[in-house]
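**Student:** Next comes the structure file my_file-v5.txt, holding compact mmCIF, C-alpha atoms.
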```
# COMPACT_ATOMS: atom_id res chain seq x y z
CA MET A 970 -21.91 14.85 -6.83
CA PRO A 971 -19.72 17.39 -8.67
CA ASP A 972 -18.43 16.39 -12.09
CA GLU A 973 -14.90 15.11 -12.67
CA GLU A 974 -13.52 18.42 -13.85
CA MET A 975 -14.76 20.23 -10.77
CA LEU A 976 -13.34 17.53 -8.54
CA ALA A 977 -9.97 17.65 -10.30
CA LEU A 978 -9.82 21.42 -9.80
CA TRP A 979 -10.92 21.05 -6.19
CA VAL A 980 -8.21 18.48 -5.46
CA GLU A 981 -5.66 20.96 -6.83
CA ASP A 982 -7.15 23.80 -4.75
CA GLU A 983 -7.95 25.66 -7.96
CA LEU A 984 -11.62 26.29 -7.25
CA THR A 985 -12.80 29.61 -5.92
CA GLY A 986 -16.06 31.25 -4.97
CA GLU A 987 -19.38 29.46 -5.07
CA SER A 988 -18.12 26.35 -6.83
CA ALA A 989 -15.46 25.90 -4.13
CA THR A 990 -18.10 26.22 -1.41
CA THR A 991 -20.37 23.68 -3.14
CA VAL A 992 -17.64 21.11 -3.61
CA ASN A 993 -16.29 21.69 -0.09
CA ALA A 994 -19.74 20.99 1.34
CA TRP A 995 -20.01 17.80 -0.69
CA ALA A 996 -16.47 16.65 0.09
CA ALA A 997 -16.89 17.10 3.84
CA SER A 998 -18.55 13.70 3.91
CA GLN A 999 -16.11 12.05 1.48
CA PRO A 1000 -12.99 10.93 3.34
CA GLU A 1001 -11.51 9.43 0.16
CA TRP A 1002 -11.63 12.76 -1.64
CA LEU A 1003 -10.37 14.64 1.40
CA ALA A 1004 -7.45 12.24 1.52
CA ARG A 1005 -6.76 12.80 -2.19
CA ARG A 1006 -6.67 16.55 -1.73
CA GLU A 1007 -4.38 16.13 1.24
CA GLU A 1008 -2.06 13.98 -0.86
CA ALA A 1009 -2.01 16.62 -3.58
CA ARG A 1010 -1.23 19.34 -1.04
CA GLN A 1011 1.57 17.30 0.46
CA MET A 1012 3.01 16.66 -2.97
CA LYS A 1013 2.94 20.38 -3.77
CA THR A 1014 4.67 21.20 -0.50
CA LEU A 1015 7.28 18.55 -1.19
CA LEU A 1016 7.95 19.90 -4.67
CA ARG A 1017 8.12 23.47 -3.41
CA THR A 1018 10.69 22.54 -0.78
CA HIS A 1019 12.88 20.60 -3.18
CA LEU A 1020 12.67 22.57 -6.41
CA PRO A 1021 13.63 26.20 -6.85
CA VAL A 1022 10.92 28.51 -8.19
CA SER A 1023 13.07 29.38 -11.19
CA GLU A 1024 16.60 28.66 -12.20
CA ASP A 1025 18.82 30.86 -14.30
CA PRO A 1026 20.74 29.32 -17.20
CA PRO A 1027 24.33 28.53 -16.19
CA TYR A 1028 26.00 31.24 -18.29
CA ALA A 1029 23.30 33.78 -18.80
CA ASP A 1030 25.58 36.60 -19.90
CA PHE A 1031 26.12 36.69 -23.63
CA PHE A 1032 24.67 33.22 -23.94
CA ASN A 1033 24.29 33.27 -27.75
CA SER A 1034 27.64 34.84 -28.41
CA ARG A 1035 29.36 32.26 -26.21
CA ILE A 1036 27.70 29.47 -28.17
CA SER A 1037 28.79 31.04 -31.47
CA ARG A 1038 32.34 31.33 -30.17
CA GLU A 1039 32.40 27.69 -29.08
CA ILE A 1040 31.12 26.58 -32.49
CA ALA A 1041 33.77 28.66 -34.23
CA ARG A 1042 36.50 27.28 -31.95
CA GLU A 1043 35.48 23.67 -32.60
CA ALA A 1044 35.30 24.31 -36.35
CA ALA A 1045 38.88 25.61 -36.23
CA VAL A 1046 40.13 22.62 -34.22
CA ALA A 1047 38.46 19.98 -36.42
CA PRO A 1048 40.62 20.43 -39.59
CA ALA A 1049 43.76 20.39 -37.46
CA ALA A 1050 42.73 17.12 -35.84
CA ALA A 1051 41.90 15.66 -39.25
CA THR A 1052 45.36 16.60 -40.49
CA ALA A 1053 46.96 15.05 -37.43
CA THR A 1054 45.26 11.71 -37.97
CA LYS A 1055 46.17 11.61 -41.63
CA GLY A 1056 49.66 10.27 -40.89
CA VAL A 1057 48.44 7.06 -39.31
CA GLY A 1058 45.30 6.88 -41.49
CA ALA A 1059 46.68 4.34 -43.95
CA PHE A 1060 47.54 1.87 -41.20
CA TRP A 1061 44.15 2.23 -39.36
CA ARG A 1062 42.22 1.96 -42.61
CA PHE A 1063 43.57 -1.58 -42.91
CA PHE A 1064 43.66 -2.50 -39.23
CA LEU A 1065 40.21 -1.32 -38.05
CA PRO A 1066 38.08 -3.72 -40.17
CA ALA A 1067 40.24 -6.63 -39.10
CA THR A 1068 39.80 -5.67 -35.42
CA ALA A 1069 36.03 -5.43 -35.88
CA VAL A 1070 35.83 -8.89 -37.43
CA ALA A 1071 37.97 -10.36 -34.64
CA GLY A 1072 35.70 -8.70 -32.02
CA MET A 1073 32.57 -10.15 -33.60
CA ALA A 1074 34.09 -13.62 -33.66
CA LEU A 1075 35.06 -13.31 -29.99
CA CYS A 1076 31.51 -12.25 -29.06
CA PHE A 1077 30.06 -15.21 -30.97
CA TRP A 1078 32.36 -17.63 -29.21
CA ALA A 1079 31.56 -16.12 -25.80
CA GLY A 1080 27.84 -16.47 -26.58
CA THR A 1081 28.21 -20.21 -27.19
CA ARG A 1082 29.93 -20.57 -23.78
CA VAL A 1083 27.08 -18.99 -21.80
CA VAL A 1084 24.54 -21.57 -20.62
CA PRO A 1085 20.98 -20.26 -20.44
CA ALA A 1086 19.55 -20.01 -16.89
CA SER A 1087 16.73 -22.42 -17.71
CA HIS A 1088 19.33 -25.13 -18.57
CA ALA A 1089 21.58 -24.36 -15.66
CA ALA A 1090 18.88 -24.65 -12.97
CA PRO A 1091 17.71 -28.11 -11.96
CA GLN A 1092 14.42 -29.07 -13.58
CA GLY A 1093 11.63 -29.52 -11.09
CA PRO A 1094 8.15 -28.43 -10.21
CA LEU A 1095 9.38 -25.63 -8.00
CA VAL A 1096 12.55 -23.63 -8.30
CA ASN A 1097 13.57 -22.89 -4.76
CA ILE A 1098 14.16 -19.16 -4.78
CA PRO A 1099 15.37 -18.03 -1.38
CA VAL A 1100 12.88 -15.59 0.05
CA SER A 1101 14.84 -13.04 1.91
CA ALA A 1102 13.20 -11.14 4.68
CA PRO A 1103 11.08 -8.50 2.94
CA LEU A 1104 11.94 -4.90 3.43
CA GLY A 1105 9.97 -2.88 5.91
CA PRO A 1106 6.57 -1.76 4.73
CA TYR A 1107 5.78 1.54 3.14
CA LEU A 1108 4.04 3.81 5.65
CA TYR A 1109 1.77 6.66 4.73
CA THR A 1110 0.00 8.87 7.25
CA PRO A 1111 -2.29 11.37 5.52
CA GLU A 1112 -3.30 13.17 8.72
CA LYS A 1113 -1.18 16.20 9.57
CA GLY A 1114 1.02 15.71 12.61
CA VAL A 1115 0.64 11.94 12.64
CA THR A 1116 3.80 9.91 12.29
CA ALA A 1117 4.29 6.17 12.01
CA ALA A 1118 7.30 4.09 12.93
CA TYR A 1119 7.73 0.44 12.02
CA TYR A 1120 9.79 -2.24 13.64
CA ASN A 1121 9.90 -6.00 13.63
CA SER A 1122 9.38 -7.11 17.20
CA ALA A 1123 11.20 -10.37 17.79
CA THR A 1124 10.03 -10.52 21.39
CA ALA A 1125 6.35 -10.25 20.48
CA ASN A 1126 6.81 -12.15 17.19
CA ALA A 1127 4.93 -9.38 15.45
CA GLU A 1128 5.31 -6.49 13.11
CA VAL A 1129 4.67 -3.31 15.01
CA ILE A 1130 3.66 0.12 13.81
CA VAL A 1131 3.61 2.87 16.40
CA LEU A 1132 1.44 5.86 15.60
CA ASP A 1133 2.28 9.15 17.26
CA GLY A 1134 0.61 12.52 17.14
CA LEU A 1135 -2.81 10.94 16.80
CA ALA A 1136 -5.81 12.66 18.36
CA ALA A 1137 -7.23 10.68 21.25
CA ILE A 1138 -10.57 8.99 20.82
CA SER A 1139 -13.19 10.84 22.81
CA ASP A 1140 -13.84 9.39 26.25
CA SER A 1141 -17.53 9.51 25.39
CA PHE A 1142 -17.00 6.67 22.94
CA GLU A 1143 -18.55 3.52 24.37
CA VAL A 1144 -17.71 0.03 23.25
CA PRO A 1145 -20.83 -1.32 21.54
CA GLU A 1146 -22.41 -4.38 23.06
CA THR A 1147 -21.88 -6.45 19.92
CA ALA A 1148 -18.27 -5.48 19.30
CA ALA A 1149 -16.63 -8.54 20.80
CA VAL A 1150 -19.03 -11.02 19.17
CA GLU A 1151 -17.20 -13.29 16.78
CA GLU A 1152 -18.88 -13.95 13.46
CA ASP A 1153 -18.44 -16.72 10.97
CA PRO A 1154 -16.38 -15.35 8.08
CA ALA A 1155 -18.88 -16.31 5.39
CA PRO A 1156 -17.79 -14.89 2.04
CA SER A 1157 -20.05 -12.23 0.68
CA ALA A 1158 -20.01 -9.94 -2.32
CA THR A 1159 -17.87 -6.87 -1.78
CA ALA A 1160 -20.53 -4.79 -3.43
CA ASP A 1161 -22.54 -5.13 -0.25
CA ILE A 1162 -19.74 -3.91 1.97
CA GLU A 1163 -20.42 -0.59 3.53
CA THR A 1164 -17.71 1.92 2.90
CA PRO A 1165 -17.29 4.62 5.50
CA SER A 1166 -19.30 7.76 5.13
CA ARG A 1167 -19.89 10.61 7.48
CA MET B 1453 -41.33 -10.35 -27.04
CA ASN B 1454 -41.39 -13.33 -29.38
CA ARG B 1455 -40.07 -16.79 -28.55
CA ARG B 1456 -36.65 -16.24 -30.14
CA GLN B 1457 -36.07 -13.04 -28.16
CA ALA B 1458 -37.19 -14.76 -24.97
CA ILE B 1459 -34.72 -17.62 -25.53
CA SER B 1460 -31.89 -15.15 -26.24
CA ALA B 1461 -32.69 -13.20 -23.08
CA LEU B 1462 -32.70 -16.38 -20.99
CA ALA B 1463 -29.39 -17.47 -22.52
CA LEU B 1464 -27.81 -14.11 -21.73
CA LEU B 1465 -29.15 -14.23 -18.17
CA GLY B 1466 -27.76 -17.72 -17.72
CA ALA B 1467 -24.37 -16.66 -19.06
CA GLY B 1468 -24.35 -13.69 -16.69
CA ILE B 1469 -25.13 -15.85 -13.69
CA ALA B 1470 -22.50 -18.39 -14.72
CA SER B 1471 -19.81 -15.73 -15.12
CA GLY B 1472 -20.77 -14.24 -11.74
CA GLN B 1473 -20.37 -17.59 -10.06
CA THR B 1474 -16.95 -18.21 -11.56
CA ASP B 1475 -15.45 -14.80 -10.85
CA PRO B 1476 -11.91 -15.78 -9.74
CA GLY B 1477 -11.54 -12.41 -8.04
CA ARG B 1478 -13.95 -13.58 -5.39
CA ASP B 1479 -11.83 -16.57 -4.44
CA VAL B 1480 -11.19 -16.45 -0.74
CA ILE B 1481 -7.43 -16.71 -0.30
CA GLY B 1482 -7.24 -16.07 3.41
CA THR B 1483 -8.97 -14.88 6.51
CA VAL B 1484 -8.11 -11.65 8.23
CA THR B 1485 -8.84 -11.28 11.92
CA VAL B 1486 -8.82 -7.80 13.34
CA VAL B 1487 -8.89 -7.37 17.10
CA VAL B 1488 -8.90 -4.10 19.01
CA TYR B 1489 -7.18 -4.34 22.37
CA TYR B 1490 -7.12 -1.71 25.08
CA GLY B 1491 -3.90 -1.44 27.02
CA THR B 1492 -3.74 0.62 30.17
CA ASN B 1493 -1.60 1.14 33.22
CA GLY B 1494 -4.57 2.60 35.03
CA ASP B 1495 -7.89 1.18 36.07
CA PRO B 1496 -9.10 -1.26 33.38
CA ALA B 1497 -12.68 -0.65 34.49
CA ALA B 1498 -12.45 2.69 32.68
CA ALA B 1499 -13.13 0.81 29.44
CA GLY B 1500 -16.64 0.02 30.61
CA PRO B 1501 -18.49 -3.24 31.04
CA ARG B 1502 -18.63 -4.35 27.38
CA THR B 1503 -15.13 -5.71 27.09
CA LYS B 1504 -13.66 -9.18 27.05
CA GLU B 1505 -10.73 -10.66 28.87
CA VAL B 1506 -7.65 -11.18 26.73
CA ALA B 1507 -6.16 -14.65 26.37
CA GLU B 1508 -3.08 -15.15 28.48
CA GLU B 1509 -0.87 -15.90 25.49
CA VAL B 1510 -1.87 -12.59 23.89
CA THR B 1511 -1.17 -10.71 27.13
CA GLU B 1512 2.26 -12.33 27.32
CA ARG B 1513 3.00 -11.57 23.68
CA LEU B 1514 2.06 -7.91 24.00
CA ALA B 1515 3.82 -7.45 27.32
CA ARG B 1516 7.08 -8.83 25.90
CA ASP B 1517 7.45 -5.75 23.72
CA GLU B 1518 8.45 -2.58 25.56
CA ARG B 1519 6.32 -0.27 23.41
CA LEU B 1520 3.21 -2.42 23.84
CA LYS B 1521 3.69 -3.18 27.51
CA TYR B 1522 0.77 -2.27 29.78
CA ASP B 1523 -0.41 -3.52 33.15
CA HIS B 1524 -3.81 -4.53 31.82
CA TYR B 1525 -5.21 -5.54 28.46
CA LEU B 1526 -8.84 -5.88 27.42
CA GLU B 1527 -10.46 -6.81 24.15
CA LEU B 1528 -12.83 -4.17 22.84
CA GLY B 1529 -13.95 -5.95 19.70
CA ARG B 1530 -13.00 -8.21 16.83
CA ASP B 1531 -13.94 -8.96 13.27
CA MET B 1532 -13.08 -11.87 11.03
CA ILE B 1533 -13.29 -11.14 7.32
CA PRO B 1534 -12.40 -13.12 4.19
CA LEU B 1535 -9.54 -11.92 2.05
CA TYR B 1536 -10.50 -11.99 -1.64
CA ARG B 1537 -8.07 -12.54 -4.46
CA THR B 1538 -8.74 -9.18 -6.08
CA TYR B 1539 -11.48 -7.37 -4.17
CA GLU B 1540 -10.95 -5.09 -1.24
CA ASN B 1541 -12.73 -5.73 2.03
CA TRP B 1542 -13.47 -3.84 5.23
CA ALA B 1543 -13.26 -5.01 8.80
CA LYS B 1544 -15.35 -3.33 11.44
CA PRO B 1545 -13.98 -4.64 14.73
CA VAL B 1546 -16.10 -2.48 17.04
CA LYS B 1547 -19.28 -2.94 15.09
CA PRO B 1548 -21.74 -1.44 14.64
CA SER B 1549 -19.55 1.57 15.42
CA GLN B 1550 -17.35 2.87 12.61
CA GLU B 1551 -14.85 4.37 15.03
CA VAL B 1552 -12.19 1.84 14.00
CA LEU B 1553 -12.19 0.46 10.47
CA LEU B 1554 -9.67 -1.46 8.44
CA ARG B 1555 -9.61 -1.66 4.69
CA PHE B 1556 -7.44 -4.37 3.25
CA GLU B 1557 -6.63 -5.94 -0.07
CA ALA B 1558 -4.23 -8.62 -1.23
CA GLN B 1559 -1.26 -7.09 -3.05
CA SER B 1560 1.27 -9.81 -3.79
CA GLN B 1561 2.22 -13.29 -2.74
CA ILE B 1562 5.83 -13.16 -1.62
CA SER B 1563 6.01 -16.85 -0.78
CA LYS B 1564 3.55 -19.63 0.02
CA GLU B 1565 2.75 -18.21 3.43
CA LEU B 1566 3.98 -14.65 3.17
CA MET B 1567 1.61 -12.19 1.59
CA ARG B 1568 1.89 -8.47 1.12
CA MET B 1569 -1.37 -6.70 1.83
CA ASP B 1570 -2.55 -3.16 1.46
CA VAL B 1571 -3.87 -2.20 4.86
CA GLU B 1572 -5.56 1.06 5.76
CA LEU B 1573 -6.50 2.06 9.27
CA TRP B 1574 -9.38 4.48 9.66
CA ILE B 1575 -10.08 6.09 13.02
CA GLY B 1576 -13.13 8.30 13.42
CA LEU B 1577 -13.80 8.00 9.66
CA LYS B 1578 -10.41 9.45 8.82
CA LYS B 1579 -7.68 7.53 7.08
CA ILE B 1580 -4.84 7.49 9.56
CA LEU B 1581 -2.43 4.97 8.14
CA LYS B 1582 -1.80 3.17 4.91
CA THR B 1583 0.78 0.45 4.69
CA ASP B 1584 1.76 -2.55 2.62
CA ALA B 1585 2.76 -4.94 5.34
CA ALA B 1586 4.10 -8.40 4.57
CA MET B 1587 1.81 -10.66 6.56
CA ALA B 1588 2.79 -14.11 7.79
CA PRO B 1589 0.64 -16.58 9.71
CA ASP B 1590 0.89 -16.30 13.50
CA LYS B 1591 2.81 -13.07 13.12
CA PRO B 1592 0.28 -10.28 13.50
CA LEU B 1593 0.64 -6.69 12.52
CA LEU B 1594 0.15 -4.67 15.69
CA VAL B 1595 -0.65 -0.98 15.41
CA LEU B 1596 -0.25 1.08 18.56
CA GLY B 1597 -3.11 3.44 17.92
CA PRO B 1598 -4.89 6.32 19.59
CA GLU B 1599 -5.30 7.03 23.27
CA TRP B 1600 -8.62 6.36 24.92
CA ARG B 1601 -9.65 6.66 28.55
CA GLY B 1602 -6.15 6.73 29.92
CA GLY B 1603 -4.88 3.86 27.81
CA ARG B 1604 -4.17 3.14 24.17
CA LEU B 1605 -5.80 1.03 21.53
CA ILE B 1606 -3.72 -1.70 19.99
CA ILE B 1607 -5.11 -2.93 16.69
CA SER B 1608 -4.05 -6.41 15.76
CA VAL B 1609 -4.31 -7.66 12.17
CA ASP B 1610 -3.73 -11.34 11.65
CA LEU B 1611 -3.79 -13.22 8.35
CA GLU B 1612 -4.48 -16.88 7.99
CA PRO B 1613 -3.71 -17.77 4.38
CA GLY B 1614 -5.73 -20.28 2.40
CA LYS B 1615 -9.41 -21.06 2.26
CA PRO B 1616 -11.25 -20.85 5.57
CA LYS B 1617 -11.81 -24.31 6.99
CA SER B 1618 -15.53 -23.71 7.37
CA THR B 1619 -15.98 -23.28 3.62
CA ASP B 1620 -14.07 -26.40 2.55
```
Can I see the file as structure tokens?
**Tutor:**
Amino acid sequence: MPDEEMLALWVEDELTGESATTVNAWAASQPEWLARREEARQMKTLLRTHLPVSEDPPYADFFNSRISREIAREAAVAPAAATATKGVGAFWRFFLPATAVAGMALCFWAGTRVVPASHAAPQGPLVNIPVSAPLGPYLYTPEKGVTAAYYNSATANAEVIVLDGLAAISDSFEVPETAAVEEDPAPSATADIETPSR
Amino acid sequence: MNRRQAISALALLGAGIASGQTDPGRDVIGTVTVVVYYGTNGDPAAAGPRTKEVAEEVTERLARDERLKYDHYLELGRDMIPLYRTYENWAKPVKPSQEVLLRFEAQSQISKELMRMDVELWIGLKKILKTDAAMAPDKPLLVLGPEWRGGRLIISVDLEPGKPKSTD
């Protein structure tokens, strides 16, 4: 098995030459890793389609000089504004602290009026939270060309997912003799469960 | 190994066994039944001799939905697998073949009987679908899957929450 660094590069399609060939040969029998690479490729495609390769700054021409001009303009406006507020300054200097104190008192009073949720709800072993119908499931189809559509079938009382674009199973596939045999679902350690491998 | 080391080793072994037995992740919190049906408007004999008849109620249920409606239904295989609290599990409904596989794992308990599960469908050893369906008892997840011999496979995933009755 290739090391983690090699695998990370392989998933990102960054490997070339002999190392790429080696990892490709190994990964051919690893559906999980093939799926990861496919996910990474899809993500790249998605990003490429939604993000521009590069974006120019909004006012590229004379960028620095424009900034300097804006700074100078604001510096000129600031003393004028300070002079303008001087007339009413004496009044606000007295009024503002009083307003702040009144606001704090109002907030304190409002806080005493709010009943915490734990007191408002009836005490009991189970708070009956209405369970709304859950949203439709998330669907992910890693295979290219395969699409999935979900609907809640009231007539069949079932959730239905329709897969389209899927390659047909070969007609040479035969149903094994033991397939329809029902087994007792005896719990067993998951470590013994066979994961798919080619 | 002296006596003290032997006692320590035995104590560690005992502790290991005890912790293995009480792993809450292995609690069985439900049973998942996966059935692969074959629906066809053609000759059902095309599926071969190793199939089972489908219960009438299942035929009626499937036929009620326009997308799942076929003239004939047959059962190709089924698997019944425990759902663990934290571990994943695989169902192999057409065993020993790995043509159709389902990987599933509990994700969240929405309500007492409604559970969201991670479900993956693998066809021909390729992951075809991943979903996080909200599963309710007696309300299966039906996946209209690939074509085969003039018909289509319908994979049914059914969850029965709680401990299996046989293990009580």
**Student:** Residues around (-12.3, -6.1, 15.8), cut-off 8 Å, counting all atoms listed in the file - what are they as a PyMOL selection string?
**Tutor:** (chain A and resi 1148-1149) or (chain B and resi 1485-1488+1528-1532+1543-1547+1607)
**Student:** Identify, on the basis of only C-alpha atoms, every residue whose closest approach to stretch 1133-1145 of chain A does not exceed 8 Å; exclude the query and any residue fewer than 4 positions from it along the same chain; express the result as a list in words.
**Tutor:**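 Near stretch 1133-1145 of chain A, the qualifying residues are Gly1114, Val1115, Thr1116 and Ala1117 of chain A; Ala1499, Gly1500, Arg1502, Thr1503, Leu1528, Gly1529, Val1546, Lys1547, Pro1548, Ser1549, Gly1576, Gly1597, Pro1598, Glu1599, Trp1600 and Arg1601 of chain B.
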**Student:** Output the contact residues of chain A with respect to chain B at a cut-off of 6 Å, based on only C-alpha atoms, as a PyMOL selection string.
**Tutor:** chain A and resi 1106-1110+1112+1124-1132+1135+1137-1138+1140+1146+1148-1149+1154
**Student:** So the first atom is atom CA of A:Arg1005 and the second is atom CA of A:Asp982; what is the distance between them in Å, to one decimal place?
**Tutor:**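 Distance between the two atoms: 11.3 Å.
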**Student:** For atom CA of A:Pro1000 and atom CA of B:Ile1481, determine how far apart the two atoms are, in Å to one decimal place.
**Tutor:** 28.4 Å
**Student:** Any idea what's packed within 8 Å of B:Val1506, counting all atoms listed in the file, ignoring anything in its chain fewer than 5 positions away? Could you give it as a list in words?
**Tutor:**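 So the residues in contact are Thr1511, Tyr1525, Leu1526 and Glu1527 of chain B.
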**Student:** Can you work out the spacing between atom CA of A:Leu1020 and atom CA of A:Glu973 in Å, to one decimal?
**Tutor:** 29.2 Å
**Student:** What's around A:Gln999 at 12 Å? Count only C-alpha atoms, leave out sequence neighbours fewer than 2 positions away in its own chain, and write the answer as a list in words.
**Tutor:**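 These residues fall inside the cut-off: Met970, Leu976, Val992, Asn993, Ala994, Trp995, Ala996, Ala997, Glu1001, Trp1002, Leu1003, Ala1004, Arg1005, Arg1006, Thr1164, Pro1165, Ser1166 and Arg1167 of chain A; Leu1577, Lys1578 and Lys1579 of chain B.
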**Student:** Emit the selected residues as a short mmCIF file (atom, residue, chain, number, x, y, z; two decimals), keeping the file's coordinate frame, including C-alpha atoms.
**Tutor:**
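result.cif was written with the following content:
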```cif
data_model
loop_
_atom_site.label_atom_id
_atom_site.label_comp_id
_atom_site.auth_asym_id
_atom_site.auth_seq_id
_atom_site.Cartn_x
_atom_site.Cartn_y
_atom_site.Cartn_z
CA MET A 970 -21.91 14.85 -6.83
CA LEU A 976 -13.34 17.53 -8.54
CA VAL A 992 -17.64 21.11 -3.61
CA ASN A 993 -16.29 21.69 -0.09
CA ALA A 994 -19.74 20.99 1.34
CA TRP A 995 -20.01 17.80 -0.69
CA ALA A 996 -16.47 16.65 0.09
CA ALA A 997 -16.89 17.10 3.84
CA GLU A 1001 -11.51 9.43 0.16
CA TRP A 1002 -11.63 12.76 -1.64
CA LEU A 1003 -10.37 14.64 1.40
CA ALA A 1004 -7.45 12.24 1.52
CA ARG A 1005 -6.76 12.80 -2.19
CA ARG A 1006 -6.67 16.55 -1.73
CA THR A 1164 -17.71 1.92 2.90
CA PRO A 1165 -17.29 4.62 5.50
CA SER A 1166 -19.30 7.76 5.13
CA ARG A 1167 -19.89 10.61 7.48
CA LEU B 1577 -13.80 8.00 9.66
CA LYS B 1578 -10.41 9.45 8.82
CA LYS B 1579 -7.68 7.53 7.08
#
```
**Student:** Dump N, CA and C atoms of stretch 980-992 of chain A from the given block, as a CSV table (one decimal), in the first residue's frame.
**Tutor:**
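And here's result.csv as it stands now:
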```
chain,number,residue,atom,x,y,z
A,980,VAL,N,-4.8,11.4,-5.0
A,980,VAL,CA,-6.2,11.8,-5.0
A,980,VAL,C,-6.4,13.2,-5.7
A,981,GLU,N,-5.3,14.0,-5.5
A,981,GLU,CA,-5.4,15.3,-6.2
A,981,GLU,C,-4.8,15.3,-7.6
A,982,ASP,N,-4.6,14.1,-8.1
A,982,ASP,CA,-4.1,14.0,-9.5
A,982,ASP,C,-2.7,14.7,-9.7
A,983,GLU,N,-1.9,14.7,-8.6
A,983,GLU,CA,-0.7,15.4,-8.7
A,983,GLU,C,0.5,14.4,-9.0
A,984,LEU,N,0.2,13.2,-9.0
A,984,LEU,CA,1.3,12.2,-9.3
A,984,LEU,C,1.6,12.1,-10.8
A,985,THR,N,2.8,11.9,-11.1
A,985,THR,CA,3.2,11.6,-12.5
A,985,THR,C,4.1,10.5,-12.6
A,986,GLY,N,4.3,10.0,-13.8
A,986,GLY,CA,5.4,9.0,-14.0
A,986,GLY,C,5.1,7.6,-13.3
A,987,GLU,N,6.2,7.1,-12.9
A,987,GLU,CA,6.2,5.7,-12.3
A,987,GLU,C,5.3,5.6,-11.0
A,988,SER,N,5.5,6.7,-10.2
A,988,SER,CA,4.7,6.6,-9.0
A,988,SER,C,3.2,6.7,-9.3
A,989,ALA,N,2.8,7.4,-10.3
A,989,ALA,CA,1.4,7.4,-10.7
A,989,ALA,C,0.9,6.1,-11.1
A,990,THR,N,1.8,5.4,-11.9
A,990,THR,CA,1.4,4.1,-12.4
A,990,THR,C,1.3,3.1,-11.3
A,991,THR,N,2.2,3.2,-10.3
A,991,THR,CA,2.2,2.2,-9.2
A,991,THR,C,0.9,2.4,-8.4
A,992,VAL,N,0.6,3.7,-8.0
A,992,VAL,CA,-0.6,3.9,-7.2
A,992,VAL,C,-1.8,3.6,-8.0
```
